[in-house]
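Colleague: This is the structure I have questions about; it appears just below.
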Amino acid sequence: MDIEKIRKDFPILSRIVRDRPLVYLDNAATTQKPSAVIEAISGLYRNYNANVHRGVYLLAEEATQAYEDSREAVRRFINAGSTEEVVFTRNATEALNLVAYTWADANIRAGDEIIVTIMEHHSNYVPWFRLARRKGAVIKIVPSRKDGELDMDAFGSMLSDRTKLVGIAHMSNVFGTINPVREMVSLAHTRGAAVVVDGAQSAPHMKIDVRGMDCDFFALSGHKMLGPAGIGVLYAKSSYLKSMEPFMSGGEMILRVTLEDVVYNDLPWKFEAGTPNYEGAIGLKAAIEYLEALGMDTVEAYERELTEHALRSMKTVPDIFLYGPSDPAKKGGIIAFNIKGVHSHDIGTILDSEGIAIRAGHHCAQPLMIDCGVSAMARASFYFYNTEQEIDMLVKALKKAKEMFGHVA
Amino acid sequence: MSLEELFKEIIIEHYQHPKNHGHIEHPDARSEGSNPLCGDEIQMELLFEGDRIKDVMFTGNGCSISQSAASLMTEAIKGRTVAEARRLMEEYKNMLQGNDYDAGMLGDLEALSDVKKFPARVKCASLSMAVLDQALQQKK
C-alpha cells in the first residue's frame, strides 16, 4: 500500500490542528472520508437529485438506480445471497433495534433466554435489556477471560433449548478482540437460537462473509467505513425478513393502501419506510468501492502491522495498562489503555494539544468498564491511512502526559 | 492556549492530594452527581451549624479537573454561610462562562479560570458546583 498516495485521497488528513498536523486515531468512533465519497455525494446534488422509487422522470430513474446500485455494492461487500437481504437503516444501532422490535418482539417470550457478550456496545445490549424487561425474558452474559478473549466454555454451558437469541460483537470496540462468530453461530444454531452479529467495528477492517458466517442478522454503520453519517445496513436472512412485521410504517414500505387494508412492499423495501437516506447510500457505495480497490485483505494485513507496532511501542510508556488481547492476531486496530495517575480525559486533552485525536470515556460499553473495574479508558484506534510515525507521535505524547502528572506511587 | 494554563501545579496538587476527601459521620445533607458521557463522579456531604457550613467532605473519581475542582470548592465554602456559598458558586459560574467575576471571593478556585479555554472540559469543572447546589437545597 502506498500510504502517502492514500493519504492524499483524504483532504482532512492534511489539516493543521493546534498548530500541528492532525493525527487522527479515533477511527473506531468514526472514519475520515476520501474525496471519492465527498464527490459522490456532491455529484448527486449537482447532477441527478430526485426522490427515489417515486418519479417517472430521468433524474428519479438515475437517483433510484444509484440507490439500488449501492444495495448491490453492500451485498457484494458482505457476500449476502441477494439484495433482498440488505436493508438500509440509519446506522448499526437502528439495524439492531429493528431486529429487537420486529423479530425478537414477536418470538421471545417470558422465560426465554438471550445471550450477549460482556464486550457489547450499548447498542447491542440496551435493546435486548429492554426487550427482556418487556417480555420477562432472561439475559445471560458471556464473560471475557483475562487475555481479553471470550470465555467460550462459559458460552457453551450457557446455551440451552431456552436460548432464543445470541448477540455478538464481531469486533469489540474497546478490546479490539475479534470474536469467533462462526463457531458461536454454529453452536447457537444447534439449539435453534437466532444470532445477531454487531459488525460496526469489523466490517470496516476485514473481509465480511455473512453466508460463510451463517449469522441470521448482521449490522453495520457506514460512517465507520469511510461512508457518510446516517446510513447503516441490516443484513438478515430472507427467511427471517419474510416472517417479520415491518418496523416503521408509512410510504415506500407498502404496495397498496386502501381504507380497509394495507399490503406491504416486497423485500427489502418493506423495512424502509419513508424517503430513505439515498444520499448516504450513494456515499456508502463510493466508500465500498474505495475499500474494494484497496482490497480488504490488504487493509487487514496493514492494520495488523500497525497494531503490532502500537502494542510494542505503547508498552514503553511508564505505568501504562493495555486492555484486550496482547496478540495482534487476535484483534483489530483498537487499543484501550489507562496510565496510572493520569485520567483518560486528561490524556485526551494533553494529546489534543499535540494535534492527536483519541477517545476517552466509557466507549458506550459501561458493563465492560465495570468488569474491568474502571469508569473510563483512553482508546487509540487505527485505519489504513494511519502510519507508524503517527503511532510514535502518540507514544511520545503519552510519555509527556505521564511526565506532566509526575510519578504517582 | 497552553496545557500549563489548564494543568496548573495547584490543580495537580489538589488532584493527587485532595482536601476534605472522605465522609462525615452524620451529615445534614448528601448529594451526588456524574457526567454521564465521561464518567466523572462526585459525592458530597455537608454538616451545618445554624446558617453556616460547619463541615464538608467529598468522594468521587474522575479527571484532574473534576476532582481538583471538588477539593478547591470544599476548601472555599467550609466555614462560610449558605448565602456566602451561593454567592461564591455564582462567581465561579461567571468565571467558567467567561464573564466578569470577583476574584477575591474565589481565592484558590481561580486556578480553574483557564478551563473556559477548553470547552470540552467546562463540564468537568462544573460538576462539583451542581452537586453542592443540590446539597444546599436540602438545608432546612
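Naming works like this for the C-alpha cells: A, B, ... for the chains as they're shown, residue 1 at the start of each chain, ligands 1 onward in shown order.
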Could you produce a table of the residues of chain A lying within 9 Å of chain B, with the nearest pair of atoms per residue and their separation in Å rounded to one decimal, using only C-alpha atoms, ordered by chain and increasing residue number, as JSON lines?
Modeller:
{"residue": "A:Arg18", "atom": "CA", "partner": "B:Met1", "partner_atom": "CA", "distance": 8.9}
{"residue": "A:Gly341", "atom": "CA", "partner": "B:Gln16", "partner_atom": "CA", "distance": 8.0}
{"residue": "A:Val342", "atom": "CA", "partner": "B:Cys63", "partner_atom": "CA", "distance": 7.7}
{"residue": "A:His343", "atom": "CA", "partner": "B:Cys63", "partner_atom": "CA", "distance": 5.0}
{"residue": "A:Ser344", "atom": "CA", "partner": "B:Cys63", "partner_atom": "CA", "distance": 7.2}
{"residue": "A:His345", "atom": "CA", "partner": "B:Cys63", "partner_atom": "CA", "distance": 6.0}
{"residue": "A:Asp346", "atom": "CA", "partner": "B:Cys63", "partner_atom": "CA", "distance": 6.2}
{"residue": "A:Thr349", "atom": "CA", "partner": "B:Leu3", "partner_atom": "CA", "distance": 8.2}
{"residue": "A:Ile350", "atom": "CA", "partner": "B:Leu3", "partner_atom": "CA", "distance": 6.8}
{"residue": "A:Ser353", "atom": "CA", "partner": "B:Leu3", "partner_atom": "CA", "distance": 7.2}
{"residue": "A:Ala360", "atom": "CA", "partner": "B:Cys38", "partner_atom": "CA", "distance": 7.3}
{"residue": "A:Gly361", "atom": "CA", "partner": "B:Cys38", "partner_atom": "CA", "distance": 4.7}
{"residue": "A:His362", "atom": "CA", "partner": "B:Cys38", "partner_atom": "CA", "distance": 6.5}
{"residue": "A:His363", "atom": "CA", "partner": "B:Leu37", "partner_atom": "CA", "distance": 8.8}
{"residue": "A:Cys364", "atom": "CA", "partner": "B:Leu37", "partner_atom": "CA", "distance": 8.6}
{"residue": "A:Ser375", "atom": "CA", "partner": "B:Gly39", "partner_atom": "CA", "distance": 5.9}
{"residue": "A:Ala376", "atom": "CA", "partner": "B:Gly39", "partner_atom": "CA", "distance": 6.5}
{"residue": "A:Met404", "atom": "CA", "partner": "B:Phe7", "partner_atom": "CA", "distance": 8.3}
{"residue": "A:Phe405", "atom": "CA", "partner": "B:Ile12", "partner_atom": "CA", "distance": 6.8}
{"residue": "A:Val408", "atom": "CA", "partner": "B:Gln16", "partner_atom": "CA", "distance": 8.1}
Colleague: Step one, run DSSP on the backbone; step two, keep only residues of range 5-98 of chain B assigned to helix (DSSP H, G or I); then write them as an MDAnalysis selection string.
Modeller: chainID B and resid 5:6 9:16 64:77 82:96
Colleague: Excluding same-chain residues fewer than 4 positions from range 142-148 of chain A, what lies within 7 Å of it counting only C-alpha atoms, as an mmCIF file with C-alpha atoms, in the first residue's frame?
Modeller:
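Listing of around20.cif after writing:
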data_model
loop_
_atom_site.group_PDB
_atom_site.id
_atom_site.type_symbol
_atom_site.label_atom_id
_atom_site.label_comp_id
_atom_site.auth_asym_id
_atom_site.auth_seq_id
_atom_site.Cartn_x
_atom_site.Cartn_y
_atom_site.Cartn_z
ATOM 1 C CA VAL A 116 -24.913 -11.467 24.788
ATOM 2 C CA THR A 117 -21.227 -10.965 25.488
ATOM 3 C CA ILE A 118 -19.659 -8.672 28.083
ATOM 4 C CA ALA A 154 -18.931 -20.378 29.596
ATOM 5 C CA PHE A 155 -20.772 -19.670 26.343
ATOM 6 C CA PHE A 175 -10.633 -4.523 23.460
ATOM 7 C CA THR A 177 -10.982 -8.610 20.186
ATOM 8 C CA GLY A 324 -7.618 -6.596 25.449
ATOM 9 C CA PRO A 325 -5.595 -9.313 23.736
#
Colleague: Range 61-153 of chain A near range 268-278 of chain A within 6 Å: what's each residue's closest atom pair and its distance in Å to one decimal, counting only C-alpha atoms, ordered by chain then ascending residue number, as a tab-separated table?
Modeller:
residue	atom	partner	partner_atom	distance
A:Tyr67	CA	A:Tyr278	CA	5.6
A:Glu84	CA	A:Pro268	CA	4.9
A:Val87	CA	A:Pro268	CA	5.6
Colleague: So that I can see what lies close to range 81-86 of chain B, please list as a list in words the residues with an atom at most 10 Å from it, counting only C-alpha atoms and leaving out residues fewer than 6 positions away in the same chain.
Modeller: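 Residues meeting the cut-off are Phe48, Glu49, Gly50, Asp51, Arg52, Ile53, Lys54, Met73, Thr74, Tyr92, Met105, Met129, Leu132, Asp133, Leu136, Gln137 and Lys139 of chain B.
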Colleague: Mind checking DSSP for range 35-123 of chain B and telling me the strand (DSSP E) residues as number ranges by chain?
Modeller: B: 41-49, 52-61
Colleague: Can you work out which one of B:Asn99, B:Ala135, B:Leu127, B:Leu47 has the shortest atom-to-atom distance to Ser34 in chain B, counting only C-alpha atoms?
Modeller: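 When distances to Ser34 in chain B are compared using only C-alpha atoms, the smallest one comes from B:Leu127.
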Colleague: Go through B:Gly79, B:Asn94, B:His14, B:Ser128 one by one, measure the shortest atom-to-atom distance of each to Phe58 in chain B using only C-alpha atoms, and give the residue with the smallest value.
Modeller: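 Comparing B:Gly79, B:Asn94, B:His14, B:Ser128 against Phe58 in chain B, the winner is B:Ser128.
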Colleague: List the spatial neighbours of Glu110 in chain B as a PyMOL selection string - criterion: any atom at most 12 Å away, only C-alpha atoms, same-chain residues fewer than 5 positions off excluded.
Modeller: chain B and resi 5-6+8+10-11+68-69+72-73+76+88-89+91-96+101-105+115-116+125
Colleague: Can you write just those residues out, N, CA and C atoms, as a compact mmCIF listing (two decimals), in the first residue's frame?
Modeller:
# COMPACT_ATOMS: atom_id res chain seq x y z
N GLU B 5 -1.68 26.23 31.31
CA GLU B 5 -2.80 27.04 31.83
C GLU B 5 -3.86 26.15 32.46
N LEU B 6 -4.08 25.00 31.84
CA LEU B 6 -5.12 24.10 32.35
C LEU B 6 -4.62 23.31 33.55
N LYS B 8 -2.46 23.54 35.99
CA LYS B 8 -1.59 24.30 36.89
C LYS B 8 -1.14 23.39 38.03
N ILE B 10 -1.21 23.80 41.16
CA ILE B 10 -2.17 23.71 42.28
C ILE B 10 -3.30 22.72 41.94
N ILE B 11 -3.63 22.63 40.66
CA ILE B 11 -4.69 21.69 40.24
C ILE B 11 -4.19 20.25 40.36
N SER B 68 -10.07 18.05 41.31
CA SER B 68 -9.43 19.21 41.96
C SER B 68 -10.45 20.30 42.20
N ALA B 69 -11.43 20.43 41.30
CA ALA B 69 -12.47 21.45 41.50
C ALA B 69 -13.27 21.15 42.76
N LEU B 72 -11.02 22.05 45.76
CA LEU B 72 -10.91 23.50 45.93
C LEU B 72 -12.24 24.11 46.38
N MET B 73 -13.34 23.57 45.86
CA MET B 73 -14.67 24.07 46.21
C MET B 73 -14.96 23.83 47.68
N ALA B 76 -13.11 26.20 49.73
CA ALA B 76 -13.62 27.57 49.63
C ALA B 76 -14.88 27.81 50.45
N LEU B 88 -20.58 32.59 46.12
CA LEU B 88 -19.32 32.07 45.61
C LEU B 88 -19.55 31.18 44.38
N MET B 89 -20.60 30.36 44.47
CA MET B 89 -20.93 29.50 43.32
C MET B 89 -21.29 30.34 42.10
N GLU B 91 -20.18 33.35 41.42
CA GLU B 91 -18.94 33.91 40.87
C GLU B 91 -18.16 32.85 40.10
N TYR B 92 -18.17 31.65 40.64
CA TYR B 92 -17.46 30.53 39.99
C TYR B 92 -18.07 30.24 38.62
N LYS B 93 -19.41 30.27 38.60
CA LYS B 93 -20.12 30.04 37.33
C LYS B 93 -19.76 31.14 36.32
N ASN B 94 -19.74 32.40 36.81
CA ASN B 94 -19.34 33.52 35.95
C ASN B 94 -17.96 33.29 35.36
N MET B 95 -17.06 32.81 36.20
CA MET B 95 -15.68 32.59 35.74
C MET B 95 -15.64 31.54 34.63
N LEU B 96 -16.36 30.44 34.84
CA LEU B 96 -16.33 29.35 33.85
C LEU B 96 -17.02 29.75 32.54
N TYR B 101 -15.87 38.32 37.07
CA TYR B 101 -16.11 37.65 38.35
C TYR B 101 -15.27 38.29 39.44
N ASP B 102 -15.67 38.01 40.68
CA ASP B 102 -14.99 38.56 41.85
C ASP B 102 -13.86 37.60 42.26
N ALA B 103 -12.65 37.94 41.84
CA ALA B 103 -11.51 37.04 42.07
C ALA B 103 -11.24 36.89 43.57
N GLY B 104 -11.43 37.98 44.32
CA GLY B 104 -11.15 37.95 45.75
C GLY B 104 -12.00 36.90 46.45
N MET B 105 -13.25 36.81 46.02
CA MET B 105 -14.16 35.86 46.65
C MET B 105 -13.77 34.41 46.31
N VAL B 115 -9.99 26.95 32.44
CA VAL B 115 -10.77 25.82 31.92
C VAL B 115 -11.70 26.31 30.80
N LYS B 116 -12.14 27.58 30.91
CA LYS B 116 -13.07 28.09 29.87
C LYS B 116 -12.46 28.07 28.48
N ALA B 125 -15.32 20.87 35.33
CA ALA B 125 -15.14 21.85 36.39
C ALA B 125 -16.47 22.23 37.05
